[in-house]
Amino acid sequence: MSKTGIIIQREYSTRVKKKSFIIMTILGPILMAALFIAPAWIATMEDNEVKTIAVLDSSYLFRHSMQQTETIRFTYIKNKKLNEIEKVMNDSNYYAVLFIPQNILASQRVELSSTKQPSLPVKMHIKNCISREIELLKLAKSNIDPALLESIKTDINISTIKLEADGSKVKTSTELNSVVGLVSAILIYMFIFMYGAQIMRGVIEEKTSRIVEVIISSVRPLELMMGKIIGVAMVGLTQFALWIILTFALVSAAKGILMPDKPMDMQTLQMNSIMNNPAVGNDMTAGSGQPQIDPNEIELAFEAINSINYGTMLLSFIFFFLGGYLLYGALFAAIGGAVDSDADTQQFMMPVTIPLILGVVVLQGAITNPEGPVAFWFSIIPFTSPIVMMARIPFGVPIWEIALSAALLILTFIACTWLAAKIYRTGILMYGKKVNYRELYKWLRYRNY
Amino acid sequence: MAFLEATNIRKEYTGHLALNDVSISVEQGRIFGLLGPNGAGKTTLIRIINGITAPDKGTISFNNEPFSAVHLSQIGYLPEERGLYKKMKVGEQALYLARLKGLSKKDALRQLKYWFEKFEIQAWWDKKVEELSKGMQQKIQFITTVLHEPRFLIFDEPFSGFDPINANLLKEEILGFKKKGATIIFSTHNMESVEELCDDIALIHRSNNILSGTVKDIKNRYKDNVYQVVFSGFVNMLEATLRHQYEITGHTEKDGLHTLNFKMTDKSVTTNQVISSLLPIGNIVSFNEILPSMNDIFINVVKEKNLE
């Protein structure tokens, strides 16, 4: 095995065996799964409890308008005063008392008293029922047929269709493209930051433990640096792969246990419904039971999901993912080599983190306007291109732009690694010296193998 | 040709000349001392010999071959700034360093077994380095330096930071390697610590090699014929006898034993004659020549060449 191979192996196995790695790898998917499962789980929990609400209707207008649901029941109470009921609330089975005043039409205000804070779905349901009834009353007063009004209501669906160069048409979803682009860009950003910092700390560790000179009497500094960068990358990829596998396993396991009777993946359902029809999303929070999704819309969503070119997407994701990481990895290694401790890294971290953060700042704009000049330039300039280009790719980017961006990224990576290696190999042998930028510039000119 | 030839090595850092046309040659199977004060350029020279950094000018050759990466596996180097990964297990770490030197896993394990048994430290194999005491870590550090049986050993400030027991152990092992034919370089500012071990030396002062040769030759060249006699008996008579012929440079007394230093200027007088003239007067405990220490020689040379 080559010496770089031995170094990669050590970097990988020591990191993967660390407790922090194991904990993060297990905890990550649990948190992610919790994020998906918890809302659904909470929703199922609430469904089970039947809440009975006492209605004291002084206006006598809502006799039939309070609709029962699976979990919300209404009991009408007559000949009692509100404070009488309120007094016995603790001993009764009532979840809350709804008091509708006589002048409801003018005041547009009802009172809901309960011993506990009433849940949001209950509140929303009551609000919907009462306002619908009042609306109907008002319509009747103005002599408008409610059926007519219903027929006037219009909801427009926009199907976005992308015209391909070969004349074919593909149905797309701007929302879905945005989500896919945003997620990949943020993943790249996170990966560069988390694992770039690990490289830097690894280099500092070798410096402070004074083992570095022992090692570079056996291998070239460049071999040590690249071994570390590649080893850490493999740790990162392992962690991501485990996260994805474990998250899927957890989500599907949890789904099986919590929602055995729902065939469709809760999470996709939720995502689609929110994306395509915000109103449906609102209904869900209102606790009105099953979300009602127009089958047409599901079909549209699936068509949009299929519209993304996953081959290009995946290939470019892997390329920009690794390219960005290697570019920044070398810079992080150089910083680690130049300083003596974590505390000294600040002044050199700035110029490395600013382009990264800039990339994330531009991200929002790039997604709203993927063809705009800002998105274009930041996806070509190598220091931001891994993040910004990934956000643009789901919308379709001309091949020449991707090729240009990729070529520039490779060239910059080579140049940066060359410069970083020069700083690195001088820096790792310097102890107790406060280093500034002028010093770094001098190091670039020292002769080395 | 010597085993290692460093010819006209020059290395400049911005605003600072670290080595100015320094040449050294180290003979096969001998111990070579690279001596000089801190900051003289010793570590830079050693890093150049190790291929850690490149000279601006000059060449390094091993066994008449120009230096290249293949020679790295023949060198065992203990740098001045040394350490181990603190969180890594002892055995794993030693194995890693051995494999970086080019040993196969099998050979490395065999060698490690030998050394761990020799130092009776098998129990440390699965311990983390940070769990070991400083002295234990030094032993491991030494083992990792020599594990690949290098033909050429380089020690930069070898005894600094080692406790006396480990320093002795180190000396013994190094002499063992010499016996097996290895060539050894010591680099240190602490000249006393190595002068009895070295066969040859080079004195480095302010980036220049100011004196080199075998220890024997150099000591002879710089000795000033001072002898020391320790005796008990009639001090006044003895002193009078010596003063008559030689210049007495020192006289101390402790617990009834007198120590006298005197300089013999007349080369025709042998030490035997001196001793026989002293024998009737008192009881001689010891008689020996005082050779200048490397420290003294260094200071002399610096003065002589007006390098201060």
# chains A, B, ... in the order shown; residues from 1 in each chain; ligands from 1
call {"tool": "interface_residues", "arguments": {"of": "chain B", "to": "chain A", "cutoff": "8 Å", "atoms": "only C-alpha atoms", "output": "mmCIF file with C-alpha atoms, in the first residue's frame"}}
result
data_model
loop_
_atom_site.group_PDB
_atom_site.id
_atom_site.type_symbol
_atom_site.label_atom_id
_atom_site.label_comp_id
_atom_site.auth_asym_id
_atom_site.auth_seq_id
_atom_site.Cartn_x
_atom_site.Cartn_y
_atom_site.Cartn_z
ATOM 1 C CA TYR B 13 15.275 32.076 5.120
ATOM 2 C CA THR B 14 14.038 35.582 4.592
ATOM 3 C CA ASN B 50 16.472 14.001 6.208
ATOM 4 C CA GLY B 51 14.878 15.448 3.108
ATOM 5 C CA ILE B 52 12.386 17.411 5.175
ATOM 6 C CA THR B 53 13.460 20.635 3.569
ATOM 7 C CA ALA B 54 15.557 21.381 0.500
ATOM 8 C CA PRO B 55 18.843 23.283 0.399
ATOM 9 C CA ASP B 56 19.103 26.404 -1.742
ATOM 10 C CA LEU B 72 14.238 7.730 3.810
ATOM 11 C CA SER B 73 13.537 4.147 4.807
ATOM 12 C CA TYR B 77 15.328 10.164 12.874
ATOM 13 C CA LEU B 78 14.526 11.366 16.369
ATOM 14 C CA PRO B 79 13.744 15.075 15.981
ATOM 15 C CA GLU B 81 10.484 18.416 18.553
ATOM 16 C CA ARG B 82 9.119 14.940 19.060
ATOM 17 C CA GLY B 83 5.925 13.409 20.258
ATOM 18 C CA LEU B 84 3.236 10.857 19.566
ATOM 19 C CA TYR B 85 -0.478 10.942 18.882
ATOM 20 C CA LYS B 86 -1.863 11.219 22.400
ATOM 21 C CA MET B 88 -3.837 6.661 19.727
ATOM 22 C CA TYR B 96 1.600 2.965 11.801
ATOM 23 C CA LEU B 97 4.942 4.742 12.060
ATOM 24 C CA ARG B 99 4.618 1.107 8.014
ATOM 25 C CA LEU B 100 5.224 4.709 6.990
ATOM 26 C CA LYS B 101 8.913 3.844 7.022
ATOM 27 C CA GLY B 102 8.153 1.162 4.472
#
call {"tool": "closest_residue", "arguments": {"among": "B:Ser61, B:Ile140, B:Met294, B:Pro158", "to": "Glu195 in chain B", "atoms": "only C-alpha atoms"}}
result
B:Met294
call {"tool": "select_by_dssp", "arguments": {"residues": "range 80-298 of chain B", "states": "alpha helix (DSSP H)", "output": "short mmCIF file (atom, residue, chain, number, x, y, z; two decimals) with N, CA and C atoms, in the first residue's frame"}}
result
data_model
loop_
_atom_site.label_atom_id
_atom_site.label_comp_id
_atom_site.auth_asym_id
_atom_site.auth_seq_id
_atom_site.Cartn_x
_atom_site.Cartn_y
_atom_site.Cartn_z
N VAL B 90 -0.78 2.62 21.81
CA VAL B 90 0.66 2.48 21.64
C VAL B 90 1.01 1.55 20.49
N GLY B 91 0.43 0.34 20.50
CA GLY B 91 0.78 -0.64 19.49
C GLY B 91 0.40 -0.19 18.09
N GLU B 92 -0.85 0.31 17.98
CA GLU B 92 -1.35 0.79 16.70
C GLU B 92 -0.45 1.88 16.14
N GLN B 93 -0.05 2.77 17.02
CA GLN B 93 0.76 3.91 16.62
C GLN B 93 2.15 3.48 16.15
N ALA B 94 2.76 2.57 16.90
CA ALA B 94 4.09 2.09 16.53
C ALA B 94 4.02 1.38 15.18
N LEU B 95 2.94 0.62 15.01
CA LEU B 95 2.75 -0.10 13.75
C LEU B 95 2.61 0.89 12.58
N TYR B 96 1.83 1.94 12.83
CA TYR B 96 1.60 2.97 11.80
C TYR B 96 2.91 3.63 11.38
N LEU B 97 3.69 4.05 12.37
CA LEU B 97 4.94 4.74 12.06
C LEU B 97 5.91 3.80 11.34
N ALA B 98 5.91 2.52 11.74
CA ALA B 98 6.80 1.56 11.08
C ALA B 98 6.40 1.37 9.63
N ARG B 99 5.07 1.31 9.39
CA ARG B 99 4.62 1.11 8.01
C ARG B 99 4.91 2.33 7.15
N LEU B 100 4.87 3.51 7.76
CA LEU B 100 5.22 4.71 6.99
C LEU B 100 6.69 4.67 6.58
N LYS B 105 3.40 -5.00 7.17
CA LYS B 105 2.72 -5.18 8.44
C LYS B 105 3.34 -6.33 9.23
N LYS B 106 3.66 -7.39 8.52
CA LYS B 106 4.20 -8.58 9.17
C LYS B 106 5.57 -8.29 9.81
N ASP B 107 6.46 -7.66 9.02
CA ASP B 107 7.79 -7.33 9.54
C ASP B 107 7.69 -6.38 10.72
N ALA B 108 6.79 -5.40 10.56
CA ALA B 108 6.64 -4.40 11.62
C ALA B 108 6.21 -5.07 12.91
N LEU B 109 5.26 -6.00 12.81
CA LEU B 109 4.78 -6.68 14.02
C LEU B 109 5.88 -7.52 14.66
N ARG B 110 6.69 -8.16 13.81
CA ARG B 110 7.78 -8.98 14.33
C ARG B 110 8.78 -8.10 15.09
N GLN B 111 9.14 -6.98 14.46
CA GLN B 111 10.09 -6.07 15.09
C GLN B 111 9.54 -5.51 16.40
N LEU B 112 8.25 -5.15 16.35
CA LEU B 112 7.63 -4.58 17.55
C LEU B 112 7.64 -5.59 18.69
N LYS B 113 7.37 -6.85 18.34
CA LYS B 113 7.35 -7.89 19.36
C LYS B 113 8.73 -7.95 20.02
N TYR B 114 9.77 -7.92 19.19
CA TYR B 114 11.14 -7.99 19.70
C TYR B 114 11.42 -6.86 20.69
N TRP B 115 11.10 -5.63 20.27
CA TRP B 115 11.43 -4.49 21.13
C TRP B 115 10.57 -4.43 22.38
N PHE B 116 9.29 -4.77 22.22
CA PHE B 116 8.41 -4.72 23.38
C PHE B 116 8.83 -5.77 24.40
N GLU B 117 9.31 -6.92 23.91
CA GLU B 117 9.78 -7.93 24.85
C GLU B 117 11.08 -7.49 25.49
N LYS B 118 11.95 -6.89 24.69
CA LYS B 118 13.24 -6.46 25.19
C LYS B 118 13.07 -5.44 26.32
N LYS B 134 5.67 10.07 31.20
CA LYS B 134 6.59 10.70 30.26
C LYS B 134 7.73 9.73 29.89
N GLY B 135 8.28 9.07 30.92
CA GLY B 135 9.40 8.16 30.68
C GLY B 135 9.00 7.00 29.77
N MET B 136 7.77 6.50 29.98
CA MET B 136 7.28 5.41 29.13
C MET B 136 7.14 5.88 27.69
N GLN B 137 6.62 7.10 27.53
CA GLN B 137 6.46 7.64 26.17
C GLN B 137 7.80 7.76 25.47
N GLN B 138 8.85 8.11 26.24
CA GLN B 138 10.17 8.24 25.64
C GLN B 138 10.66 6.91 25.11
N LYS B 139 10.37 5.85 25.86
CA LYS B 139 10.77 4.51 25.40
C LYS B 139 10.09 4.19 24.08
N ILE B 140 8.78 4.47 24.02
CA ILE B 140 8.03 4.19 22.78
C ILE B 140 8.61 5.01 21.63
N GLN B 141 8.90 6.27 21.94
CA GLN B 141 9.45 7.16 20.91
C GLN B 141 10.76 6.59 20.35
N PHE B 142 11.58 6.09 21.25
CA PHE B 142 12.85 5.52 20.80
C PHE B 142 12.61 4.28 19.93
N ILE B 143 11.70 3.42 20.39
CA ILE B 143 11.43 2.20 19.61
C ILE B 143 10.97 2.56 18.21
N THR B 144 10.07 3.54 18.11
CA THR B 144 9.55 3.88 16.78
C THR B 144 10.64 4.47 15.89
N THR B 145 11.69 5.02 16.52
CA THR B 145 12.77 5.59 15.71
C THR B 145 13.65 4.50 15.08
N VAL B 146 13.84 3.40 15.81
CA VAL B 146 14.82 2.41 15.35
C VAL B 146 14.18 1.12 14.83
N PRO B 164 17.31 10.37 33.33
CA PRO B 164 18.64 9.73 33.29
C PRO B 164 18.58 8.24 32.95
N ILE B 165 17.55 7.55 33.47
CA ILE B 165 17.48 6.11 33.21
C ILE B 165 17.27 5.85 31.72
N ASN B 166 16.33 6.60 31.14
CA ASN B 166 16.07 6.41 29.72
C ASN B 166 17.22 6.91 28.86
N ALA B 167 17.89 7.97 29.33
CA ALA B 167 19.02 8.50 28.57
C ALA B 167 20.11 7.42 28.48
N ASN B 168 20.34 6.74 29.60
CA ASN B 168 21.33 5.66 29.63
C ASN B 168 20.94 4.52 28.71
N LEU B 169 19.67 4.16 28.80
CA LEU B 169 19.15 3.09 27.95
C LEU B 169 19.37 3.44 26.48
N LEU B 170 19.08 4.70 26.17
CA LEU B 170 19.26 5.20 24.82
C LEU B 170 20.71 5.06 24.38
N LYS B 171 21.62 5.48 25.26
CA LYS B 171 23.05 5.40 24.94
C LYS B 171 23.45 3.96 24.65
N GLU B 172 23.03 3.07 25.54
CA GLU B 172 23.40 1.67 25.36
C GLU B 172 22.88 1.12 24.04
N GLU B 173 21.62 1.41 23.75
CA GLU B 173 21.04 0.90 22.51
C GLU B 173 21.74 1.48 21.29
N ILE B 174 22.09 2.78 21.41
CA ILE B 174 22.76 3.42 20.27
C ILE B 174 24.13 2.77 20.03
N LEU B 175 24.85 2.51 21.12
CA LEU B 175 26.14 1.84 20.97
C LEU B 175 25.96 0.45 20.38
N GLY B 176 24.86 -0.21 20.76
CA GLY B 176 24.54 -1.50 20.17
C GLY B 176 24.38 -1.40 18.67
N PHE B 177 23.67 -0.35 18.23
CA PHE B 177 23.49 -0.15 16.79
C PHE B 177 24.82 0.12 16.09
N LYS B 178 25.69 0.85 16.80
CA LYS B 178 27.00 1.16 16.21
C LYS B 178 27.77 -0.15 15.99
N LYS B 179 27.69 -1.02 16.98
CA LYS B 179 28.38 -2.30 16.87
C LYS B 179 27.91 -3.07 15.66
N GLU B 192 28.88 18.31 26.40
CA GLU B 192 29.36 17.30 27.35
C GLU B 192 28.60 15.99 27.20
N SER B 193 27.28 16.12 26.89
CA SER B 193 26.45 14.93 26.93
C SER B 193 26.85 13.91 25.88
N VAL B 194 27.55 14.32 24.83
CA VAL B 194 27.85 13.36 23.78
C VAL B 194 29.33 13.18 23.50
N GLU B 195 30.20 14.05 24.08
CA GLU B 195 31.57 14.01 23.57
C GLU B 195 32.27 12.68 23.81
N VAL B 215 37.53 13.34 17.14
CA VAL B 215 37.61 13.89 18.49
C VAL B 215 39.04 13.83 19.00
N LYS B 216 39.71 12.71 18.70
CA LYS B 216 41.07 12.51 19.19
C LYS B 216 42.00 13.60 18.66
N ASP B 217 41.96 13.81 17.36
CA ASP B 217 42.83 14.82 16.75
C ASP B 217 42.56 16.20 17.32
N ILE B 218 41.29 16.53 17.39
CA ILE B 218 40.94 17.88 17.84
C ILE B 218 41.39 18.11 19.27
N LYS B 219 41.16 17.08 20.11
CA LYS B 219 41.56 17.24 21.51
C LYS B 219 43.07 17.40 21.62
N ASN B 220 43.79 16.62 20.82
CA ASN B 220 45.25 16.73 20.86
C ASN B 220 45.71 18.10 20.38
N ARG B 221 45.00 18.57 19.35
CA ARG B 221 45.41 19.86 18.80
C ARG B 221 45.19 20.98 19.81
N TYR B 222 44.13 20.86 20.58
CA TYR B 222 43.79 21.97 21.48
C TYR B 222 44.18 21.72 22.92
N VAL B 235 52.04 18.30 51.55
CA VAL B 235 51.65 19.12 50.43
C VAL B 235 52.70 20.17 50.09
N ASN B 236 53.32 20.74 51.10
CA ASN B 236 54.25 21.83 50.82
C ASN B 236 55.44 21.35 50.00
N MET B 237 55.96 20.16 50.37
CA MET B 237 57.13 19.63 49.66
C MET B 237 56.79 19.32 48.22
N LEU B 238 55.60 18.71 48.04
CA LEU B 238 55.20 18.34 46.70
C LEU B 238 55.00 19.57 45.84
N GLU B 239 54.35 20.54 46.43
CA GLU B 239 54.10 21.76 45.69
C GLU B 239 55.41 22.42 45.29
N ALA B 240 56.37 22.40 46.24
CA ALA B 240 57.68 23.00 45.97
C ALA B 240 58.38 22.28 44.83
N THR B 241 58.29 20.94 44.85
CA THR B 241 58.93 20.16 43.78
C THR B 241 58.34 20.50 42.42
N LEU B 242 57.01 20.57 42.39
CA LEU B 242 56.37 20.84 41.11
C LEU B 242 56.63 22.27 40.64
N ARG B 243 56.51 23.19 41.62
CA ARG B 243 56.67 24.59 41.27
C ARG B 243 58.06 24.86 40.68
N HIS B 244 58.98 24.07 41.17
CA HIS B 244 60.34 24.21 40.71
C HIS B 244 60.43 24.03 39.20
N GLN B 245 59.64 23.05 38.68
CA GLN B 245 59.76 22.74 37.26
C GLN B 245 58.58 23.22 36.41
N THR B 271 55.72 11.92 31.36
CA THR B 271 54.90 11.86 32.56
C THR B 271 55.46 10.87 33.56
N ASN B 272 56.10 9.81 33.08
CA ASN B 272 56.72 8.84 33.98
C ASN B 272 57.75 9.51 34.89
N GLN B 273 58.53 10.42 34.27
CA GLN B 273 59.55 11.12 35.06
C GLN B 273 58.91 11.98 36.14
N VAL B 274 57.83 12.63 35.79
CA VAL B 274 57.13 13.47 36.77
C VAL B 274 56.66 12.62 37.92
N ILE B 275 56.03 11.49 37.56
CA ILE B 275 55.47 10.63 38.60
C ILE B 275 56.57 10.12 39.53
N SER B 276 57.69 9.68 38.92
CA SER B 276 58.73 9.14 39.79
C SER B 276 59.33 10.21 40.70
N SER B 277 59.33 11.46 40.24
CA SER B 277 59.85 12.50 41.12
C SER B 277 58.90 12.79 42.28
N LEU B 278 57.62 12.46 42.07
CA LEU B 278 56.64 12.74 43.11
C LEU B 278 56.47 11.58 44.09
N MET B 294 34.94 19.85 24.96
CA MET B 294 34.50 20.40 23.68
C MET B 294 34.01 21.83 23.84
N ASN B 295 33.38 22.07 25.00
CA ASN B 295 32.94 23.44 25.28
C ASN B 295 34.11 24.41 25.25
N ASP B 296 35.20 24.01 25.94
CA ASP B 296 36.39 24.88 25.98
C ASP B 296 36.94 25.08 24.58
N ILE B 297 37.03 23.98 23.85
CA ILE B 297 37.58 24.07 22.49
C ILE B 297 36.73 25.00 21.65
N PHE B 298 35.42 24.83 21.79
CA PHE B 298 34.52 25.67 21.00
C PHE B 298 34.77 27.15 21.30
#
call {"tool": "residues_around", "arguments": {"residues": "range 246-258 of chain B", "least_positions_apart": "2", "cutoff": "9 Å", "atoms": "only C-alpha atoms", "output": "list in words"}}
result
Val226, Val229, Val230, Phe231, Ser232, Gly233, Val235, Glu239, Thr241, Leu242, Arg243, His244, Leu260, Asn261, Phe262, Lys263, Met264, Thr265, Asp266 and Val285 of chain B
call {"tool": "residues_around", "arguments": {"residues": "Ile37 in chain A", "least_positions_apart": "2", "cutoff": "8 Å", "atoms": "only C-alpha atoms", "output": "PyMOL selection string"}}
result
chain A and resi 33-35+39-41+251+254-255
call {"tool": "write_last_selection", "arguments": {"atoms": "C-alpha atoms", "output": "compact mmCIF listing (two decimals), in the first residue's frame"}}
result
# COMPACT_ATOMS: atom_id res chain seq x y z
CA ALA A 33 -36.55 11.14 11.97
CA ALA A 34 -38.03 12.90 14.96
CA LEU A 35 -38.40 15.99 12.82
CA PRO A 39 -45.71 16.16 13.93
CA ALA A 40 -47.48 13.14 12.50
CA TRP A 41 -47.23 11.31 15.77
CA VAL A 251 -38.79 6.71 9.42
CA ALA A 254 -41.74 4.43 12.94
CA LYS A 255 -44.30 4.75 10.18
call {"tool": "select_by_dssp", "arguments": {"residues": "range 167-262 of chain B", "states": "strand (DSSP E)", "output": "PyMOL selection string"}}
result
chain B and resi 183-188+200-205+208-214+226-233+247-254+257-262
call {"tool": "closest_residue", "arguments": {"among": "B:Asp156, B:Asn208, B:Glu196, B:Glu131", "to": "Asp21 in chain B", "atoms": "only C-alpha atoms"}}
result
B:Asn208
call {"tool": "residues_around", "arguments": {"residues": "Ala233 in chain A", "least_positions_apart": "6", "cutoff": "9 Å", "atoms": "only C-alpha atoms", "output": "PyMOL selection string"}}
result
chain A and resi 12+191+195-196+322+325-326+329
call {"tool": "atom_distance", "arguments": {"atom1": "CA of Phe248 in chain A", "atom2": "CA of Phe193 in chain A"}}
result
24.7 Å
call {"tool": "residues_around", "arguments": {"residues": "Arg201 in chain A", "least_positions_apart": "3", "cutoff": "9 Å", "atoms": "only C-alpha atoms", "output": "PDB file with N, CA and C atoms, in the first residue's frame"}}
result
ATOM      1  N   GLY A 196     -14.022  20.446   6.890  1.00  0.00           N
ATOM      2  CA  GLY A 196     -12.866  21.332   6.736  1.00  0.00           C
ATOM      3  C   GLY A 196     -12.278  21.651   8.102  1.00  0.00           C
ATOM      4  N   ALA A 197     -13.162  21.944   9.057  1.00  0.00           N
ATOM      5  CA  ALA A 197     -12.693  22.250  10.405  1.00  0.00           C
ATOM      6  C   ALA A 197     -12.012  21.034  11.023  1.00  0.00           C
ATOM      7  N   GLN A 198     -12.500  19.844  10.668  1.00  0.00           N
ATOM      8  CA  GLN A 198     -11.854  18.629  11.200  1.00  0.00           C
ATOM      9  C   GLN A 198     -10.435  18.468  10.676  1.00  0.00           C
ATOM     10  N   ILE A 204      -3.540  20.743  13.477  1.00  0.00           N
ATOM     11  CA  ILE A 204      -3.094  21.399  14.712  1.00  0.00           C
ATOM     12  C   ILE A 204      -2.718  20.340  15.751  1.00  0.00           C
ATOM     13  N   GLU A 205      -3.503  19.269  15.794  1.00  0.00           N
ATOM     14  CA  GLU A 205      -3.209  18.200  16.755  1.00  0.00           C
ATOM     15  C   GLU A 205      -1.815  17.622  16.492  1.00  0.00           C
ATOM     16  N   GLU A 206      -1.513  17.378  15.215  1.00  0.00           N
ATOM     17  CA  GLU A 206      -0.202  16.817  14.890  1.00  0.00           C
ATOM     18  C   GLU A 206       0.914  17.784  15.254  1.00  0.00           C
ATOM     19  N   PHE A 332      -8.037  24.805   4.603  1.00  0.00           N
ATOM     20  CA  PHE A 332      -8.133  24.546   6.041  1.00  0.00           C
ATOM     21  C   PHE A 332      -6.856  23.884   6.553  1.00  0.00           C
ATOM     22  N   ALA A 333      -6.285  22.983   5.760  1.00  0.00           N
ATOM     23  CA  ALA A 333      -5.042  22.325   6.171  1.00  0.00           C
ATOM     24  C   ALA A 333      -3.930  23.357   6.300  1.00  0.00           C
ATOM     25  N   GLY A 336      -4.331  25.248   9.502  1.00  0.00           N
ATOM     26  CA  GLY A 336      -3.887  24.412  10.613  1.00  0.00           C
ATOM     27  C   GLY A 336      -2.374  24.378  10.709  1.00  0.00           C
ATOM     28  N   SER A 341      -2.433  26.897  17.680  1.00  0.00           N
ATOM     29  CA  SER A 341      -3.564  26.396  18.466  1.00  0.00           C
ATOM     30  C   SER A 341      -4.860  26.859  17.820  1.00  0.00           C
ATOM     31  N   ASP A 342      -5.949  26.245  18.242  1.00  0.00           N
ATOM     32  CA  ASP A 342      -7.267  26.608  17.736  1.00  0.00           C
ATOM     33  C   ASP A 342      -7.531  28.101  17.881  1.00  0.00           C
TER      34      ASP A 342
END
call {"tool": "residues_around", "arguments": {"residues": "Lys433 in chain A", "least_positions_apart": "4", "cutoff": "10 Å", "atoms": "only C-alpha atoms", "output": "list in words"}}
result
Ala338, Val339, Asp340 and Gly427 of chain A
